[in-house]
Amino acid sequence: MEEDVIKKLSADTDGLLTYEYIANHIDTVEPQLPWLIDNMEKVDLTGQFVISAARYLFAIDPMLFAPHIDRLIKSGIDKDRERRYLGDMLRQMYGADYAERWAELSATDDNFRRIYKRIYPTSAI
């Protein structure tokens, strides 16, 4: 990334600029993702853009971006206290039948377990 881009993204106030940069440079962004995620985590107070970035990277290539998706999900779980964005992520990443498969998914995926427990706090998990 060029210095002027880093300067511009460093001034991001909510994560949107960083998310847009990721989306607009998806073919070449992978090496810069650690810095971009750091930047987004600093300013996205609600989890909206870290979760959106996780969903976007998952839709593009879940295998290539797996470590970055995992990090974004963990950050989103911590930030989305009002549970505005986590539910859509469950459906996209785990399928529309995630509720029927909650026991299997909880046993194999810590992020799923944490999201499910946040959305359904009185569940059996």
# chains A, B, ... in the order shown; residues from 1 in each chain; ligands from 1

$ residues_around --residues "Ser75 in chain A" --least-positions-apart "2" --cutoff "10 Å" --atoms "only C-alpha atoms" --output "PyMOL selection string"
chain A and resi 37+40-41+44+47+50-51+54+69-73+77-80

$ write_last_selection --atoms "N, CA and C atoms" --output "tab-separated table (two decimals), in the first residue's frame"
chain	number	residue	atom	x	y	z
A	37	ILE	N	-7.17	-5.03	9.06
A	37	ILE	CA	-8.03	-5.51	10.15
A	37	ILE	C	-7.69	-4.79	11.44
A	40	MET	N	-9.32	-1.43	11.20
A	40	MET	CA	-10.76	-1.50	11.34
A	40	MET	C	-11.16	-1.78	12.79
A	41	GLU	N	-10.43	-2.66	13.44
A	41	GLU	CA	-10.77	-3.00	14.83
A	41	GLU	C	-10.64	-1.79	15.76
A	44	ASP	N	-14.05	0.60	14.58
A	44	ASP	CA	-15.40	0.07	14.45
A	44	ASP	C	-15.91	-0.32	15.83
A	47	GLY	N	-19.06	-3.19	15.50
A	47	GLY	CA	-18.86	-4.47	14.82
A	47	GLY	C	-19.43	-4.52	13.43
A	50	VAL	N	-16.44	-4.86	10.77
A	50	VAL	CA	-15.63	-6.07	10.89
A	50	VAL	C	-16.46	-7.30	10.51
A	51	ILE	N	-17.73	-7.30	10.89
A	51	ILE	CA	-18.61	-8.41	10.50
A	51	ILE	C	-18.88	-8.37	9.01
A	54	ALA	N	-15.89	-9.78	7.32
A	54	ALA	CA	-15.85	-11.24	7.47
A	54	ALA	C	-16.81	-11.90	6.48
A	69	ILE	N	-10.84	-14.18	8.30
A	69	ILE	CA	-12.26	-14.30	8.63
A	69	ILE	C	-12.41	-14.65	10.10
A	70	ASP	N	-11.63	-15.60	10.57
A	70	ASP	CA	-11.68	-16.01	11.97
A	70	ASP	C	-11.42	-14.81	12.89
A	71	ARG	N	-10.40	-14.06	12.58
A	71	ARG	CA	-10.05	-12.89	13.40
A	71	ARG	C	-11.17	-11.85	13.36
A	72	LEU	N	-11.73	-11.59	12.19
A	72	LEU	CA	-12.83	-10.63	12.07
A	72	LEU	C	-14.07	-11.08	12.83
A	73	ILE	N	-14.38	-12.37	12.77
A	73	ILE	CA	-15.53	-12.90	13.50
A	73	ILE	C	-15.33	-12.70	15.00
A	77	ILE	N	-17.80	-10.54	17.33
A	77	ILE	CA	-18.52	-11.08	18.48
A	77	ILE	C	-18.34	-10.15	19.68
A	78	ASP	N	-17.13	-9.68	19.87
A	78	ASP	CA	-16.85	-8.79	21.00
A	78	ASP	C	-17.50	-7.42	20.84
A	79	LYS	N	-17.58	-6.93	19.62
A	79	LYS	CA	-18.06	-5.57	19.38
A	79	LYS	C	-19.58	-5.47	19.24
A	80	ASP	N	-20.23	-6.46	18.68
A	80	ASP	CA	-21.66	-6.38	18.39
A	80	ASP	C	-22.47	-6.74	19.63

$ residues_around --residues "Val5 in chain A" --least-positions-apart "4" --cutoff "12 Å" --atoms "only C-alpha atoms" --output "JSON, numbers by chain"
{"A": [1, 9, 10, 11, 12, 17, 18, 21, 32, 36]}

$ write_last_selection --atoms "N, CA and C atoms" --output "PDB file, in the first residue's frame"
ATOM      1  N   MET A   1       0.844  -1.176   0.000  1.00  0.00           N
ATOM      2  CA  MET A   1       0.000   0.000   0.000  1.00  0.00           C
ATOM      3  C   MET A   1       0.888   1.236   0.000  1.00  0.00           C
ATOM      4  N   LEU A   9      -6.437   5.826   5.231  1.00  0.00           N
ATOM      5  CA  LEU A   9      -7.116   4.776   5.984  1.00  0.00           C
ATOM      6  C   LEU A   9      -6.881   4.915   7.481  1.00  0.00           C
ATOM      7  N   SER A  10      -5.752   5.455   7.872  1.00  0.00           N
ATOM      8  CA  SER A  10      -5.473   5.680   9.296  1.00  0.00           C
ATOM      9  C   SER A  10      -6.419   6.709   9.896  1.00  0.00           C
ATOM     10  N   ALA A  11      -7.007   7.542   9.049  1.00  0.00           N
ATOM     11  CA  ALA A  11      -7.957   8.550   9.510  1.00  0.00           C
ATOM     12  C   ALA A  11      -9.407   8.036   9.484  1.00  0.00           C
ATOM     13  N   ASP A  12      -9.593   6.781   9.149  1.00  0.00           N
ATOM     14  CA  ASP A  12     -10.928   6.175   9.125  1.00  0.00           C
ATOM     15  C   ASP A  12     -11.564   6.347  10.502  1.00  0.00           C
ATOM     16  N   LEU A  17     -14.213   3.183   5.461  1.00  0.00           N
ATOM     17  CA  LEU A  17     -13.165   3.393   4.457  1.00  0.00           C
ATOM     18  C   LEU A  17     -12.294   2.155   4.302  1.00  0.00           C
ATOM     19  N   THR A  18     -11.972   1.543   5.410  1.00  0.00           N
ATOM     20  CA  THR A  18     -11.129   0.344   5.372  1.00  0.00           C
ATOM     21  C   THR A  18     -11.873  -0.809   4.710  1.00  0.00           C
ATOM     22  N   TYR A  21     -11.911  -0.219   1.047  1.00  0.00           N
ATOM     23  CA  TYR A  21     -10.605  -0.495   0.458  1.00  0.00           C
ATOM     24  C   TYR A  21     -10.456  -2.003   0.218  1.00  0.00           C
ATOM     25  N   GLN A  32      -2.051  -7.253   2.838  1.00  0.00           N
ATOM     26  CA  GLN A  32      -2.286  -6.096   3.699  1.00  0.00           C
ATOM     27  C   GLN A  32      -3.389  -6.321   4.737  1.00  0.00           C
ATOM     28  N   LEU A  36      -4.973  -3.890   7.748  1.00  0.00           N
ATOM     29  CA  LEU A  36      -6.323  -3.377   7.517  1.00  0.00           C
ATOM     30  C   LEU A  36      -7.284  -3.803   8.624  1.00  0.00           C
TER      31      LEU A  36
END

$ residues_around --residues "range 111-116 of chain A" --least-positions-apart "6" --cutoff "9 Å" --atoms "only C-alpha atoms" --output "ChimeraX atom specification"
/A:70,73-74,77,86-87,90,94,99,102-103,105,123,125

$ atom_distance --atom1 "CA of Asp97 in chain A" --atom2 "CA of Ala59 in chain A"
17.9 Å

$ select_by_dssp --residues "chain A" --states "alpha helix (DSSP H)" --output "PyMOL selection string"
chain A and resi 3-10+16-24+33-43+48-60+66-79+86-94+102-108+110-119

$ residues_around --residues "Leu64 in chain A" --least-positions-apart "5" --cutoff "12 Å" --atoms "only C-alpha atoms" --output "list in words"
Ile26, Asp27, Val29, Glu30, Pro31, Leu33, Leu57, Phe58, Ala59, Ile69 and Asp70 of chain A

$ write_last_selection --atoms "C-alpha atoms" --output "tab-separated table (two decimals), in the first residue's frame"
chain	number	residue	atom	x	y	z
A	26	ILE	CA	-9.91	-7.79	-3.25
A	27	ASP	CA	-7.58	-9.23	-5.89
A	29	VAL	CA	-5.42	-7.08	-0.64
A	30	GLU	CA	-4.50	-10.36	1.10
A	31	PRO	CA	-0.96	-9.33	2.18
A	33	LEU	CA	-5.20	-7.68	5.58
A	57	LEU	CA	-14.26	-12.38	2.55
A	58	PHE	CA	-16.25	-15.55	3.27
A	59	ALA	CA	-18.34	-14.97	0.14
A	69	ILE	CA	-12.26	-14.30	8.63
A	70	ASP	CA	-11.68	-16.01	11.97

$ closest_residue --among "A:Ser106, A:Asn39, A:Thr46, A:Pro121" --to "Lys8 in chain A" --atoms "only C-alpha atoms"
A:Asn39

$ decode --residues "range 45-95 of chain A" --atoms "N, CA and C atoms" --output "short mmCIF file (atom, residue, chain, number, x, y, z; two decimals), in the first residue's frame"
data_model
loop_
_atom_site.label_atom_id
_atom_site.label_comp_id
_atom_site.auth_asym_id
_atom_site.auth_seq_id
_atom_site.Cartn_x
_atom_site.Cartn_y
_atom_site.Cartn_z
N LEU A 45 -16.68 0.54 16.43
CA LEU A 45 -17.14 0.33 17.79
C LEU A 45 -18.33 -0.61 17.89
N THR A 46 -19.08 -0.78 16.80
CA THR A 46 -20.31 -1.59 16.84
C THR A 46 -20.14 -2.98 16.22
N GLY A 47 -19.06 -3.19 15.50
CA GLY A 47 -18.86 -4.47 14.82
C GLY A 47 -19.43 -4.52 13.43
N GLN A 48 -20.08 -3.46 13.00
CA GLN A 48 -20.73 -3.47 11.69
C GLN A 48 -19.76 -3.78 10.56
N PHE A 49 -18.62 -3.12 10.54
CA PHE A 49 -17.72 -3.28 9.40
C PHE A 49 -16.80 -4.48 9.55
N VAL A 50 -16.44 -4.86 10.77
CA VAL A 50 -15.63 -6.07 10.89
C VAL A 50 -16.46 -7.30 10.51
N ILE A 51 -17.73 -7.30 10.89
CA ILE A 51 -18.61 -8.41 10.50
C ILE A 51 -18.88 -8.37 9.01
N SER A 52 -19.10 -7.19 8.46
CA SER A 52 -19.31 -7.09 7.02
C SER A 52 -18.09 -7.58 6.25
N ALA A 53 -16.91 -7.23 6.73
CA ALA A 53 -15.68 -7.69 6.09
C ALA A 53 -15.55 -9.21 6.18
N ALA A 54 -15.89 -9.78 7.32
CA ALA A 54 -15.85 -11.24 7.47
C ALA A 54 -16.81 -11.90 6.48
N ARG A 55 -18.00 -11.37 6.38
CA ARG A 55 -19.00 -11.94 5.47
C ARG A 55 -18.55 -11.80 4.02
N TYR A 56 -17.97 -10.66 3.69
CA TYR A 56 -17.51 -10.42 2.32
C TYR A 56 -16.37 -11.38 1.95
N LEU A 57 -15.38 -11.48 2.82
CA LEU A 57 -14.26 -12.38 2.55
C LEU A 57 -14.73 -13.83 2.47
N PHE A 58 -15.69 -14.20 3.30
CA PHE A 58 -16.25 -15.55 3.27
C PHE A 58 -16.93 -15.81 1.93
N ALA A 59 -17.65 -14.82 1.42
CA ALA A 59 -18.34 -14.97 0.14
C ALA A 59 -17.36 -15.06 -1.03
N ILE A 60 -16.23 -14.39 -0.92
CA ILE A 60 -15.25 -14.39 -2.00
C ILE A 60 -14.44 -15.68 -2.02
N ASP A 61 -13.83 -16.04 -0.88
CA ASP A 61 -13.01 -17.25 -0.82
C ASP A 61 -12.77 -17.64 0.64
N PRO A 62 -13.63 -18.48 1.19
CA PRO A 62 -13.52 -18.82 2.62
C PRO A 62 -12.23 -19.56 2.98
N MET A 63 -11.65 -20.26 2.04
CA MET A 63 -10.41 -20.98 2.34
C MET A 63 -9.20 -20.03 2.33
N LEU A 64 -9.07 -19.23 1.30
CA LEU A 64 -7.95 -18.31 1.20
C LEU A 64 -7.92 -17.33 2.36
N PHE A 65 -9.07 -16.82 2.73
CA PHE A 65 -9.15 -15.78 3.75
C PHE A 65 -9.48 -16.32 5.15
N ALA A 66 -9.44 -17.62 5.34
CA ALA A 66 -9.87 -18.24 6.60
C ALA A 66 -9.26 -17.61 7.85
N PRO A 67 -7.95 -17.41 7.93
CA PRO A 67 -7.42 -16.82 9.17
C PRO A 67 -7.92 -15.40 9.42
N HIS A 68 -8.11 -14.65 8.36
CA HIS A 68 -8.60 -13.28 8.49
C HIS A 68 -10.08 -13.28 8.87
N ILE A 69 -10.84 -14.18 8.30
CA ILE A 69 -12.26 -14.30 8.63
C ILE A 69 -12.41 -14.65 10.10
N ASP A 70 -11.63 -15.60 10.57
CA ASP A 70 -11.68 -16.01 11.97
C ASP A 70 -11.42 -14.81 12.89
N ARG A 71 -10.40 -14.06 12.58
CA ARG A 71 -10.05 -12.89 13.40
C ARG A 71 -11.17 -11.85 13.36
N LEU A 72 -11.73 -11.59 12.19
CA LEU A 72 -12.83 -10.63 12.07
C LEU A 72 -14.07 -11.08 12.83
N ILE A 73 -14.38 -12.37 12.77
CA ILE A 73 -15.53 -12.90 13.50
C ILE A 73 -15.33 -12.70 15.00
N LYS A 74 -14.16 -13.05 15.49
CA LYS A 74 -13.89 -12.89 16.92
C LYS A 74 -14.04 -11.44 17.35
N SER A 75 -13.54 -10.55 16.55
CA SER A 75 -13.67 -9.13 16.85
C SER A 75 -15.14 -8.70 16.80
N GLY A 76 -15.86 -9.18 15.80
CA GLY A 76 -17.28 -8.85 15.68
C GLY A 76 -18.11 -9.35 16.84
N ILE A 77 -17.80 -10.54 17.33
CA ILE A 77 -18.52 -11.08 18.48
C ILE A 77 -18.34 -10.15 19.68
N ASP A 78 -17.13 -9.68 19.87
CA ASP A 78 -16.85 -8.79 21.00
C ASP A 78 -17.50 -7.42 20.84
N LYS A 79 -17.58 -6.93 19.62
CA LYS A 79 -18.06 -5.57 19.38
C LYS A 79 -19.58 -5.47 19.24
N ASP A 80 -20.23 -6.46 18.68
CA ASP A 80 -21.66 -6.38 18.39
C ASP A 80 -22.47 -6.74 19.63
N ARG A 81 -22.43 -5.87 20.62
CA ARG A 81 -23.14 -6.11 21.88
C ARG A 81 -24.65 -6.10 21.73
N GLU A 82 -25.15 -5.37 20.75
CA GLU A 82 -26.59 -5.28 20.54
C GLU A 82 -27.11 -6.36 19.59
N ARG A 83 -26.23 -7.22 19.11
CA ARG A 83 -26.58 -8.35 18.25
C ARG A 83 -27.29 -7.91 16.97
N ARG A 84 -26.83 -6.82 16.38
CA ARG A 84 -27.42 -6.32 15.14
C ARG A 84 -26.95 -7.08 13.91
N TYR A 85 -25.73 -7.57 13.94
CA TYR A 85 -25.09 -8.10 12.73
C TYR A 85 -24.77 -9.60 12.82
N LEU A 86 -24.74 -10.14 14.01
CA LEU A 86 -24.32 -11.53 14.19
C LEU A 86 -25.29 -12.54 13.58
N GLY A 87 -26.56 -12.28 13.64
CA GLY A 87 -27.55 -13.23 13.12
C GLY A 87 -27.41 -13.48 11.63
N ASP A 88 -27.20 -12.41 10.88
CA ASP A 88 -27.02 -12.58 9.43
C ASP A 88 -25.75 -13.37 9.14
N MET A 89 -24.74 -13.17 9.95
CA MET A 89 -23.50 -13.90 9.76
C MET A 89 -23.72 -15.40 10.00
N LEU A 90 -24.51 -15.74 11.00
CA LEU A 90 -24.81 -17.16 11.25
C LEU A 90 -25.42 -17.82 10.03
N ARG A 91 -26.44 -17.18 9.47
CA ARG A 91 -27.12 -17.76 8.30
C ARG A 91 -26.18 -17.89 7.12
N GLN A 92 -25.38 -16.87 6.85
CA GLN A 92 -24.50 -16.91 5.69
C GLN A 92 -23.39 -17.95 5.85
N MET A 93 -22.77 -18.00 6.98
CA MET A 93 -21.59 -18.84 7.15
C MET A 93 -21.90 -20.28 7.56
N TYR A 94 -23.04 -20.47 8.21
CA TYR A 94 -23.35 -21.82 8.70
C TYR A 94 -24.58 -22.42 8.06
N GLY A 95 -25.26 -21.66 7.22
CA GLY A 95 -26.43 -22.17 6.51
C GLY A 95 -27.72 -21.83 7.22
#
